[in-house]
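Let me begin by presenting the structure, written as structure tokens, before commenting on it.
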Amino acid sequence: MDQGTNLPHEGDADPTEPTDCCKVGRVALAFDVTEAVTQLARDRRSGDSYRTLAEQFNKDLIESALERADIESDRSIHAALVGDDIATEVYRLFRTDSDSDVRRAEVRARLSDAGVDVDRLESALVSHVTIRSHLTECVTVEVDESPPSFERTVNTTQWAHTRASNVIQSTLDRAVDHGHLRTGPLEAELSVRVTCTVCGDSFYLTDLLDQRRCSCHHDR
């Protein structure tokens, strides 16, 4: 992780730069997760709670920090954590008291040894109150009380698909670079299938979004 990039102080905010209007914008710039800020507004308009938004934003920050430090290739980190999703596990350790102080200290030490500025990362995490302030005072996002448009459904699923594909691709690339996978350059393709639990019709996601119905509603 690039430890030379320091978080700006509260007094450094430039009111003419909306992405630097508060802590949310500043840490997004510092950790290169500006797309996560845009997604905050989308998800809030769709009705997601501030707590849910804060949790996802914080995981995005952690994931970015871990990617910079190339944590995926560090086997000692995997050994210290329980789940496969390292970002989620690190966030849980930062935010809950369910683990012992000894285990929390062990993970922090291993992250630090791998190049993560743990104190800086932990101080960058935001509360749901901070998210609420950003969305109500900086960008003035209000919940859309009407049902989400089909266009929004398409855009959100495309965003999620692209994000998942990028994570898989970058993880495989690092595995090849570090010799964990002995292959040539790999290209990941992510296909999503969805199935109606009533009629059993199964679709690739793109086909469902084009067809927009299953056999249950074929004649309606």
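Labels for the structure tokens follow display order: chains A, B, ..., residues from 1 in each chain, ligands from 1.
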
Against region 187-191 of chain A, which residues of region 134-162 of chain A fall within 12 Å? For each one I want the closest pair of atoms and the distance in Å (one decimal), counting only C-alpha atoms, rows by chain and increasing residue number, as CSV.
residue,atom,partner,partner_atom,distance
A:Gln158,CA,A:Leu190,CA,11.6
A:Ala160,CA,A:Leu190,CA,11.1
A:His161,CA,A:Leu190,CA,7.6
A:Thr162,CA,A:Leu190,CA,8.8

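Using only C-alpha atoms, the contacts of Phe150 (chain A) at a cut-off of 10 Å, with sequence neighbours closer than 4 positions omitted, comprise Val154, Asn155, Thr156, Leu209 and Arg212 of chain A.
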
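Between Ala114 (chain A) and the residues A:Ala69, A:Ile62, A:Arg193, A:Cys22, the shortest atom-to-atom distance, using only C-alpha atoms, involves A:Ala69.
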
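Here the question is which of A:Val27, A:Val139, A:Val33, A:Cys196 gets nearest to Glu122 (chain A) using only C-alpha atoms, and that residue is A:Val27.
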
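Reported to one decimal place, the separation of CA of Val167 (chain A) from CA of Gly25 (chain A) is 22.5 Å.
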
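One distance worth recording is that between CA of Arg92 (chain A) and CA of Asp119 (chain A), which is 15.4 Å.
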
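If only C-alpha atoms are the atoms counted, then among A:Leu53, A:Cys21, A:Val176, A:Ala30 the closest residue to Ala124 (chain A) is A:Ala30.
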
Please list as a PyMOL selection string every residue within 10 Å of region 63-67 of chain A, counting only C-alpha atoms and excluding residues in the same chain fewer than 4 positions away. chain A and resi 1-2+28+30-33+57-59+71-73+85-88+90-91+111+114-118+121+167+170-171+174

Within region 13-213 of chain A, find each residue whose DSSP state, derived from the backbone, is strand (DSSP E), and express the selection as a PDB file with N, CA, C and O atoms, in the first residue's frame.
ATOM      1  N   ARG A 193     -26.545 -16.973 -14.024  1.00  0.00           N
ATOM      2  CA  ARG A 193     -27.808 -17.607 -14.397  1.00  0.00           C
ATOM      3  C   ARG A 193     -28.815 -17.400 -13.275  1.00  0.00           C
ATOM      4  O   ARG A 193     -28.477 -17.470 -12.091  1.00  0.00           O
ATOM      5  N   VAL A 194     -30.048 -17.156 -13.660  1.00  0.00           N
ATOM      6  CA  VAL A 194     -31.136 -16.991 -12.694  1.00  0.00           C
ATOM      7  C   VAL A 194     -32.258 -17.952 -13.065  1.00  0.00           C
ATOM      8  O   VAL A 194     -32.507 -18.204 -14.245  1.00  0.00           O
ATOM      9  N   THR A 195     -32.916 -18.494 -12.046  1.00  0.00           N
ATOM     10  CA  THR A 195     -33.950 -19.506 -12.265  1.00  0.00           C
ATOM     11  C   THR A 195     -35.217 -19.129 -11.521  1.00  0.00           C
ATOM     12  O   THR A 195     -35.168 -18.757 -10.338  1.00  0.00           O
ATOM     13  N   SER A 202     -34.832 -21.170 -16.647  1.00  0.00           N
ATOM     14  CA  SER A 202     -33.509 -20.677 -16.279  1.00  0.00           C
ATOM     15  C   SER A 202     -32.972 -19.803 -17.402  1.00  0.00           C
ATOM     16  O   SER A 202     -33.130 -20.121 -18.583  1.00  0.00           O
ATOM     17  N   PHE A 203     -32.353 -18.690 -17.024  1.00  0.00           N
ATOM     18  CA  PHE A 203     -31.861 -17.732 -18.013  1.00  0.00           C
ATOM     19  C   PHE A 203     -30.460 -17.263 -17.631  1.00  0.00           C
ATOM     20  O   PHE A 203     -30.126 -17.182 -16.449  1.00  0.00           O
ATOM     21  N   TYR A 204     -29.679 -16.938 -18.654  1.00  0.00           N
ATOM     22  CA  TYR A 204     -28.543 -16.077 -18.391  1.00  0.00           C
ATOM     23  C   TYR A 204     -29.108 -14.700 -18.063  1.00  0.00           C
ATOM     24  O   TYR A 204     -30.152 -14.302 -18.586  1.00  0.00           O
TER      25      TYR A 204
END

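Nearest-residue note for Gln56 (chain A): choosing from A:Val129, A:Ala36, A:Val24, A:Ala164, the minimum distance belongs to A:Ala36, counting only C-alpha atoms.
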
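When CA of Glu151 (chain A) is paired with CA of Val192 (chain A), their separation reads 18.5 Å.
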
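Between Val141 (chain A) and the candidates A:Arg163, A:Arg51, A:Arg26, A:Arg44, the tightest atom-to-atom separation, counting only C-alpha atoms, involves A:Arg44.
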
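Nearest residue to Leu208 (chain A), choosing from A:Thr153, A:Thr96, A:Ser127, A:Thr52 and counting only C-alpha atoms: A:Thr153.
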
Mind listing the helix (DSSP H, G or I) residues of region 136-219 of chain A, per DSSP on the backbone, as a compact mmCIF listing (two decimals) with N, CA, C and O atoms, in the first residue's frame?
# COMPACT_ATOMS: atom_id res chain seq x y z
N THR A 136 -26.88 13.89 2.43
CA THR A 136 -27.92 14.90 2.63
C THR A 136 -27.39 16.33 2.51
O THR A 136 -28.14 17.24 2.17
N GLU A 137 -26.09 16.51 2.78
CA GLU A 137 -25.53 17.86 2.77
C GLU A 137 -24.61 18.13 1.58
O GLU A 137 -24.56 19.26 1.08
N CYS A 138 -23.89 17.11 1.12
CA CYS A 138 -22.94 17.32 0.02
C CYS A 138 -23.59 17.13 -1.35
O CYS A 138 -23.35 17.90 -2.27
N PHE A 150 -36.88 0.12 -14.64
CA PHE A 150 -36.20 -1.04 -15.21
C PHE A 150 -34.79 -0.66 -15.63
O PHE A 150 -33.86 -1.47 -15.53
N GLU A 151 -34.62 0.57 -16.09
CA GLU A 151 -33.28 1.04 -16.47
C GLU A 151 -32.33 0.97 -15.28
O GLU A 151 -31.17 0.59 -15.42
N ARG A 152 -32.84 1.34 -14.10
CA ARG A 152 -32.00 1.27 -12.90
C ARG A 152 -31.65 -0.18 -12.58
O ARG A 152 -30.53 -0.49 -12.16
N THR A 153 -32.61 -1.07 -12.76
CA THR A 153 -32.34 -2.49 -12.53
C THR A 153 -31.22 -2.97 -13.44
O THR A 153 -30.30 -3.67 -13.00
N VAL A 154 -31.30 -2.61 -14.72
CA VAL A 154 -30.26 -3.01 -15.67
C VAL A 154 -28.92 -2.42 -15.28
O VAL A 154 -27.89 -3.11 -15.25
N ASN A 155 -28.90 -1.13 -14.95
CA ASN A 155 -27.64 -0.46 -14.61
C ASN A 155 -27.00 -1.06 -13.36
O ASN A 155 -25.78 -1.25 -13.31
N THR A 156 -27.83 -1.35 -12.36
CA THR A 156 -27.29 -1.90 -11.11
C THR A 156 -26.73 -3.30 -11.32
O THR A 156 -25.65 -3.63 -10.81
N THR A 157 -27.44 -4.13 -12.07
CA THR A 157 -26.93 -5.49 -12.31
C THR A 157 -25.67 -5.46 -13.16
O THR A 157 -24.74 -6.25 -12.93
N GLN A 158 -25.60 -4.55 -14.12
CA GLN A 158 -24.40 -4.43 -14.93
C GLN A 158 -23.22 -3.97 -14.09
O GLN A 158 -22.09 -4.46 -14.24
N TRP A 159 -23.47 -3.02 -13.18
CA TRP A 159 -22.40 -2.54 -12.30
C TRP A 159 -21.89 -3.68 -11.41
O TRP A 159 -20.67 -3.86 -11.26
N ALA A 160 -22.82 -4.44 -10.84
CA ALA A 160 -22.42 -5.54 -9.96
C ALA A 160 -21.65 -6.61 -10.73
O ALA A 160 -20.67 -7.17 -10.23
N HIS A 161 -22.10 -6.90 -11.95
CA HIS A 161 -21.42 -7.90 -12.78
C HIS A 161 -20.01 -7.45 -13.12
O HIS A 161 -19.05 -8.23 -13.03
N THR A 162 -19.87 -6.18 -13.51
CA THR A 162 -18.55 -5.66 -13.85
C THR A 162 -17.62 -5.67 -12.65
O THR A 162 -16.44 -6.03 -12.75
N ARG A 163 -18.15 -5.28 -11.50
CA ARG A 163 -17.34 -5.27 -10.28
C ARG A 163 -16.85 -6.66 -9.93
O ARG A 163 -15.66 -6.87 -9.64
N ALA A 164 -17.76 -7.64 -9.97
CA ALA A 164 -17.37 -9.02 -9.64
C ALA A 164 -16.34 -9.54 -10.64
O ALA A 164 -15.37 -10.20 -10.26
N SER A 165 -16.54 -9.24 -11.92
CA SER A 165 -15.60 -9.69 -12.95
C SER A 165 -14.22 -9.10 -12.73
O SER A 165 -13.20 -9.79 -12.87
N ASN A 166 -14.17 -7.81 -12.39
CA ASN A 166 -12.89 -7.15 -12.17
C ASN A 166 -12.14 -7.73 -10.98
O ASN A 166 -10.91 -7.88 -11.00
N VAL A 167 -12.89 -8.04 -9.90
CA VAL A 167 -12.25 -8.62 -8.72
C VAL A 167 -11.66 -9.99 -9.05
O VAL A 167 -10.53 -10.31 -8.68
N ILE A 168 -12.43 -10.81 -9.76
CA ILE A 168 -11.95 -12.14 -10.14
C ILE A 168 -10.73 -12.03 -11.04
O ILE A 168 -9.73 -12.73 -10.86
N GLN A 169 -10.81 -11.13 -12.04
CA GLN A 169 -9.71 -10.98 -12.99
C GLN A 169 -8.43 -10.53 -12.29
O GLN A 169 -7.35 -11.10 -12.51
N SER A 170 -8.53 -9.52 -11.43
CA SER A 170 -7.33 -9.01 -10.76
C SER A 170 -6.74 -10.04 -9.81
O SER A 170 -5.52 -10.15 -9.67
N THR A 171 -7.61 -10.84 -9.17
CA THR A 171 -7.13 -11.89 -8.27
C THR A 171 -6.37 -12.96 -9.03
O THR A 171 -5.29 -13.42 -8.61
N LEU A 172 -6.91 -13.38 -10.17
CA LEU A 172 -6.23 -14.38 -11.00
C LEU A 172 -4.92 -13.84 -11.56
O LEU A 172 -3.91 -14.55 -11.61
N ASP A 173 -4.93 -12.58 -11.98
CA ASP A 173 -3.71 -11.97 -12.52
C ASP A 173 -2.59 -12.00 -11.48
O ASP A 173 -1.43 -12.31 -11.80
N ARG A 174 -2.93 -11.66 -10.23
CA ARG A 174 -1.92 -11.67 -9.18
C ARG A 174 -1.43 -13.08 -8.90
O ARG A 174 -0.25 -13.30 -8.64
N ALA A 175 -2.36 -14.04 -8.95
CA ALA A 175 -1.97 -15.44 -8.71
C ALA A 175 -0.98 -15.92 -9.77
O ALA A 175 -0.02 -16.63 -9.47
N VAL A 176 -1.20 -15.52 -11.02
CA VAL A 176 -0.28 -15.88 -12.10
C VAL A 176 1.06 -15.17 -11.91
O VAL A 176 2.13 -15.78 -12.03
N ASP A 177 1.01 -13.87 -11.59
CA ASP A 177 2.24 -13.09 -11.41
C ASP A 177 3.12 -13.66 -10.32
O ASP A 177 4.36 -13.60 -10.40
N LEU A 205 -28.42 -13.98 -17.20
CA LEU A 205 -28.94 -12.70 -16.73
C LEU A 205 -29.26 -11.76 -17.89
O LEU A 205 -30.32 -11.12 -17.92
N THR A 206 -28.37 -11.67 -18.86
CA THR A 206 -28.61 -10.77 -19.99
C THR A 206 -29.85 -11.17 -20.77
O THR A 206 -30.61 -10.32 -21.24
N ASP A 207 -30.08 -12.49 -20.92
CA ASP A 207 -31.27 -12.96 -21.64
C ASP A 207 -32.54 -12.61 -20.88
O ASP A 207 -33.56 -12.22 -21.48
N LEU A 208 -32.50 -12.75 -19.56
CA LEU A 208 -33.68 -12.41 -18.76
C LEU A 208 -34.01 -10.93 -18.88
O LEU A 208 -35.18 -10.55 -19.02
N LEU A 209 -32.98 -10.09 -18.85
CA LEU A 209 -33.21 -8.66 -18.95
C LEU A 209 -33.75 -8.27 -20.33
O LEU A 209 -34.48 -7.28 -20.46
N ASP A 210 -33.40 -9.06 -21.34
CA ASP A 210 -33.95 -8.81 -22.68
C ASP A 210 -35.39 -9.33 -22.79
O ASP A 210 -36.27 -8.65 -23.31
N GLN A 211 -35.61 -10.54 -22.28
CA GLN A 211 -36.93 -11.19 -22.43
C GLN A 211 -37.94 -10.66 -21.42
O GLN A 211 -39.13 -10.54 -21.72
N SER A 215 -42.06 -18.45 -18.15
CA SER A 215 -43.28 -19.16 -18.57
C SER A 215 -44.47 -18.83 -17.68
O SER A 215 -45.62 -18.92 -18.11
N CYS A 216 -44.21 -18.43 -16.44
CA CYS A 216 -45.31 -18.08 -15.53
C CYS A 216 -46.14 -16.93 -16.09
O CYS A 216 -47.34 -16.83 -15.84
N HIS A 217 -45.51 -16.05 -16.83
CA HIS A 217 -46.18 -14.85 -17.32
C HIS A 217 -46.13 -14.78 -18.84
O HIS A 217 -46.23 -13.71 -19.42
